[in-house]
Amino acid sequence: MSPPPLRVRALLRTATDAEITEALERNPGSARLRTAGYEPAWFELDVEVEDEGATDSQFGVVWAEPGLSREALANDELEQALEATLQGLRDFEGIEVERDEIPDEAIDLRVED
């Protein structure tokens, strides 16, 4: 049986002041990252399992180590968030899809300023 078709949409953009403030309030330890020169960005991931009507989303402020390009950060966050999302779909929805079963054409990753 082949895995159900997925649509994956991800976005990395500049975090707003309000998003950064909320992230620092929720996780005060992130202030150390900011002090160390890490840059905050906003990352969103939406995964839709077309045949099942199931969707899963993750979003929040992520911290880029100094010198890491936005594209590299977006790719890193995509892979981490996608793996966690696929695990959630397996555990809670019974939908079995592995990362290597998702073709690159099914992934829309945007990086905005």
# chains A, B, ... in the order shown; residues from 1 in each chain; ligands from 1
$ residues_around --residues "Ile95 of chain A" --least-positions-apart "5" --cutoff "9 Å" --atoms "only C-alpha atoms" --output "ChimeraX atom specification"
/A:3-4,49,52,86,88-90
$ residues_around --residues "segment 71-77 of chain A" --least-positions-apart "4" --cutoff "7 Å" --atoms "only C-alpha atoms" --output "number ranges by chain"
A: 12, 64, 81, 111
$ select_by_dssp --residues "segment 24-59 of chain A" --states "strand (DSSP E or B)" --output "list of chain:residue names"
A:Glu39, A:Pro40, A:Ala41, A:Trp42, A:Phe43, A:Glu44, A:Leu45, A:Asp46, A:Val47, A:Glu48, A:Val49, A:Ala54, A:Thr55, A:Asp56, A:Ser57, A:Gln58, A:Phe59
$ select_by_dssp --residues "chain A" --states "alpha helix (DSSP H)" --output "number ranges by chain"
A: 17-26, 30-35, 70-88
$ write_last_selection --atoms "N, CA and C atoms" --output "mmCIF file, in the first residue's frame"
data_model
loop_
_atom_site.group_PDB
_atom_site.id
_atom_site.type_symbol
_atom_site.label_atom_id
_atom_site.label_comp_id
_atom_site.auth_asym_id
_atom_site.auth_seq_id
_atom_site.Cartn_x
_atom_site.Cartn_y
_atom_site.Cartn_z
ATOM 1 N N ASP A 17 8.160 41.770 16.573
ATOM 2 C CA ASP A 17 8.532 42.073 17.957
ATOM 3 C C ASP A 17 7.615 41.357 18.947
ATOM 4 N N ALA A 18 6.316 41.311 18.636
ATOM 5 C CA ALA A 18 5.359 40.649 19.526
ATOM 6 C C ALA A 18 5.650 39.140 19.621
ATOM 7 N N GLU A 19 5.987 38.518 18.501
ATOM 8 C CA GLU A 19 6.300 37.085 18.508
ATOM 9 C C GLU A 19 7.564 36.802 19.308
ATOM 10 N N ILE A 20 8.554 37.669 19.170
ATOM 11 C CA ILE A 20 9.802 37.497 19.925
ATOM 12 C C ILE A 20 9.545 37.669 21.417
ATOM 13 N N THR A 21 8.786 38.699 21.768
ATOM 14 C CA THR A 21 8.459 38.942 23.172
ATOM 15 C C THR A 21 7.737 37.740 23.769
ATOM 16 N N GLU A 22 6.755 37.210 23.054
ATOM 17 C CA GLU A 22 6.012 36.054 23.556
ATOM 18 C C GLU A 22 6.930 34.838 23.685
ATOM 19 N N ALA A 23 7.815 34.633 22.705
ATOM 20 C CA ALA A 23 8.739 33.495 22.773
ATOM 21 C C ALA A 23 9.655 33.611 23.985
ATOM 22 N N LEU A 24 10.125 34.812 24.269
ATOM 23 C CA LEU A 24 10.999 35.016 25.424
ATOM 24 C C LEU A 24 10.237 34.852 26.737
ATOM 25 N N GLU A 25 8.968 35.234 26.751
ATOM 26 C CA GLU A 25 8.150 35.044 27.950
ATOM 27 C C GLU A 25 7.857 33.561 28.192
ATOM 28 N N ARG A 26 7.580 32.825 27.121
ATOM 29 C CA ARG A 26 7.266 31.392 27.242
ATOM 30 C C ARG A 26 8.500 30.571 27.590
ATOM 31 N N SER A 30 15.624 31.360 26.310
ATOM 32 C CA SER A 30 15.971 31.823 24.967
ATOM 33 C C SER A 30 16.728 33.145 24.998
ATOM 34 N N ALA A 31 16.617 33.870 26.084
ATOM 35 C CA ALA A 31 17.353 35.136 26.196
ATOM 36 C C ALA A 31 18.855 34.896 26.076
ATOM 37 N N ARG A 32 19.315 33.730 26.530
ATOM 38 C CA ARG A 32 20.742 33.398 26.387
ATOM 39 C C ARG A 32 21.132 33.287 24.916
ATOM 40 N N LEU A 33 20.242 32.726 24.125
ATOM 41 C CA LEU A 33 20.519 32.612 22.691
ATOM 42 C C LEU A 33 20.631 34.000 22.061
ATOM 43 N N ARG A 34 19.702 34.852 22.427
ATOM 44 C CA ARG A 34 19.720 36.217 21.887
ATOM 45 C C ARG A 34 21.012 36.931 22.278
ATOM 46 N N THR A 35 21.410 36.785 23.531
ATOM 47 C CA THR A 35 22.643 37.405 24.014
ATOM 48 C C THR A 35 23.858 36.851 23.267
ATOM 49 N N ARG A 70 19.470 32.053 6.147
ATOM 50 C CA ARG A 70 18.033 31.851 6.355
ATOM 51 C C ARG A 70 17.566 30.589 5.623
ATOM 52 N N GLU A 71 18.146 30.328 4.452
ATOM 53 C CA GLU A 71 17.774 29.135 3.695
ATOM 54 C C GLU A 71 18.180 27.870 4.452
ATOM 55 N N ALA A 72 19.368 27.869 5.019
ATOM 56 C CA ALA A 72 19.821 26.710 5.792
ATOM 57 C C ALA A 72 18.947 26.526 7.030
ATOM 58 N N LEU A 73 18.605 27.622 7.700
ATOM 59 C CA LEU A 73 17.723 27.539 8.862
ATOM 60 C C LEU A 73 16.366 26.979 8.449
ATOM 61 N N ALA A 74 15.824 27.474 7.340
ATOM 62 C CA ALA A 74 14.518 27.001 6.870
ATOM 63 C C ALA A 74 14.557 25.505 6.582
ATOM 64 N N ASN A 75 15.597 25.047 5.928
ATOM 65 C CA ASN A 75 15.716 23.615 5.626
ATOM 66 C C ASN A 75 15.864 22.783 6.891
ATOM 67 N N ASP A 76 16.677 23.250 7.837
ATOM 68 C CA ASP A 76 16.840 22.537 9.104
ATOM 69 C C ASP A 76 15.519 22.434 9.858
ATOM 70 N N GLU A 77 14.821 23.563 9.951
ATOM 71 C CA GLU A 77 13.546 23.577 10.680
ATOM 72 C C GLU A 77 12.502 22.731 9.972
ATOM 73 N N LEU A 78 12.498 22.773 8.635
ATOM 74 C CA LEU A 78 11.567 21.950 7.877
ATOM 75 C C LEU A 78 11.757 20.479 8.216
ATOM 76 N N GLU A 79 12.984 20.009 8.186
ATOM 77 C CA GLU A 79 13.238 18.593 8.439
ATOM 78 C C GLU A 79 12.864 18.195 9.867
ATOM 79 N N GLN A 80 13.208 19.030 10.850
ATOM 80 C CA GLN A 80 12.880 18.711 12.238
ATOM 81 C C GLN A 80 11.372 18.714 12.469
ATOM 82 N N ALA A 81 10.705 19.767 11.994
ATOM 83 C CA ALA A 81 9.262 19.887 12.208
ATOM 84 C C ALA A 81 8.503 18.825 11.422
ATOM 85 N N LEU A 82 8.964 18.510 10.228
ATOM 86 C CA LEU A 82 8.292 17.502 9.422
ATOM 87 C C LEU A 82 8.399 16.126 10.076
ATOM 88 N N GLU A 83 9.550 15.796 10.599
ATOM 89 C CA GLU A 83 9.716 14.503 11.277
ATOM 90 C C GLU A 83 8.782 14.418 12.493
ATOM 91 N N ALA A 84 8.700 15.487 13.273
ATOM 92 C CA ALA A 84 7.813 15.497 14.434
ATOM 93 C C ALA A 84 6.346 15.396 14.005
ATOM 94 N N THR A 85 5.989 16.070 12.934
ATOM 95 C CA THR A 85 4.615 16.027 12.432
ATOM 96 C C THR A 85 4.262 14.624 11.935
ATOM 97 N N LEU A 86 5.171 14.013 11.189
ATOM 98 C CA LEU A 86 4.916 12.659 10.697
ATOM 99 C C LEU A 86 4.775 11.673 11.857
ATOM 100 N N GLN A 87 5.573 11.866 12.903
ATOM 101 C CA GLN A 87 5.450 11.014 14.089
ATOM 102 C C GLN A 87 4.079 11.188 14.723
ATOM 103 N N GLY A 88 3.616 12.440 14.813
ATOM 104 C CA GLY A 88 2.289 12.708 15.359
ATOM 105 C C GLY A 88 1.184 12.082 14.517
#
$ closest_residue --among "A:Ile102, A:Thr16, A:Gly94, A:Leu6" --to "Glu50 of chain A" --atoms "only C-alpha atoms"
A:Leu6
$ atom_distance --atom1 "atom CA of Ile107 of chain A" --atom2 "atom CA of Phe43 of chain A"
14.7 Å
$ atom_distance --atom1 "atom CA of Asp100 of chain A" --atom2 "atom CA of Val62 of chain A"
24.3 Å
$ closest_residue --among "A:Arg110, A:Trp63, A:Thr55, A:Ser69" --to "Gly29 of chain A" --atoms "only C-alpha atoms"
A:Trp63
$ closest_residue --among "A:Glu39, A:Glu96, A:Glu44, A:Glu65" --to "Leu109 of chain A" --atoms "only C-alpha atoms"
A:Glu44
$ residues_around --residues "Asp108 of chain A" --least-positions-apart "2" --cutoff "9 Å" --atoms "only C-alpha atoms" --output "PyMOL selection string"
chain A and resi 7-11+104-106+110
$ closest_residue --among "A:Asn27, A:Trp42, A:Glu93, A:Glu98" --to "Asp56 of chain A" --atoms "only C-alpha atoms"
A:Glu93
$ atom_distance --atom1 "atom CA of Val61 of chain A" --atom2 "atom CA of Arg13 of chain A"
9.7 Å
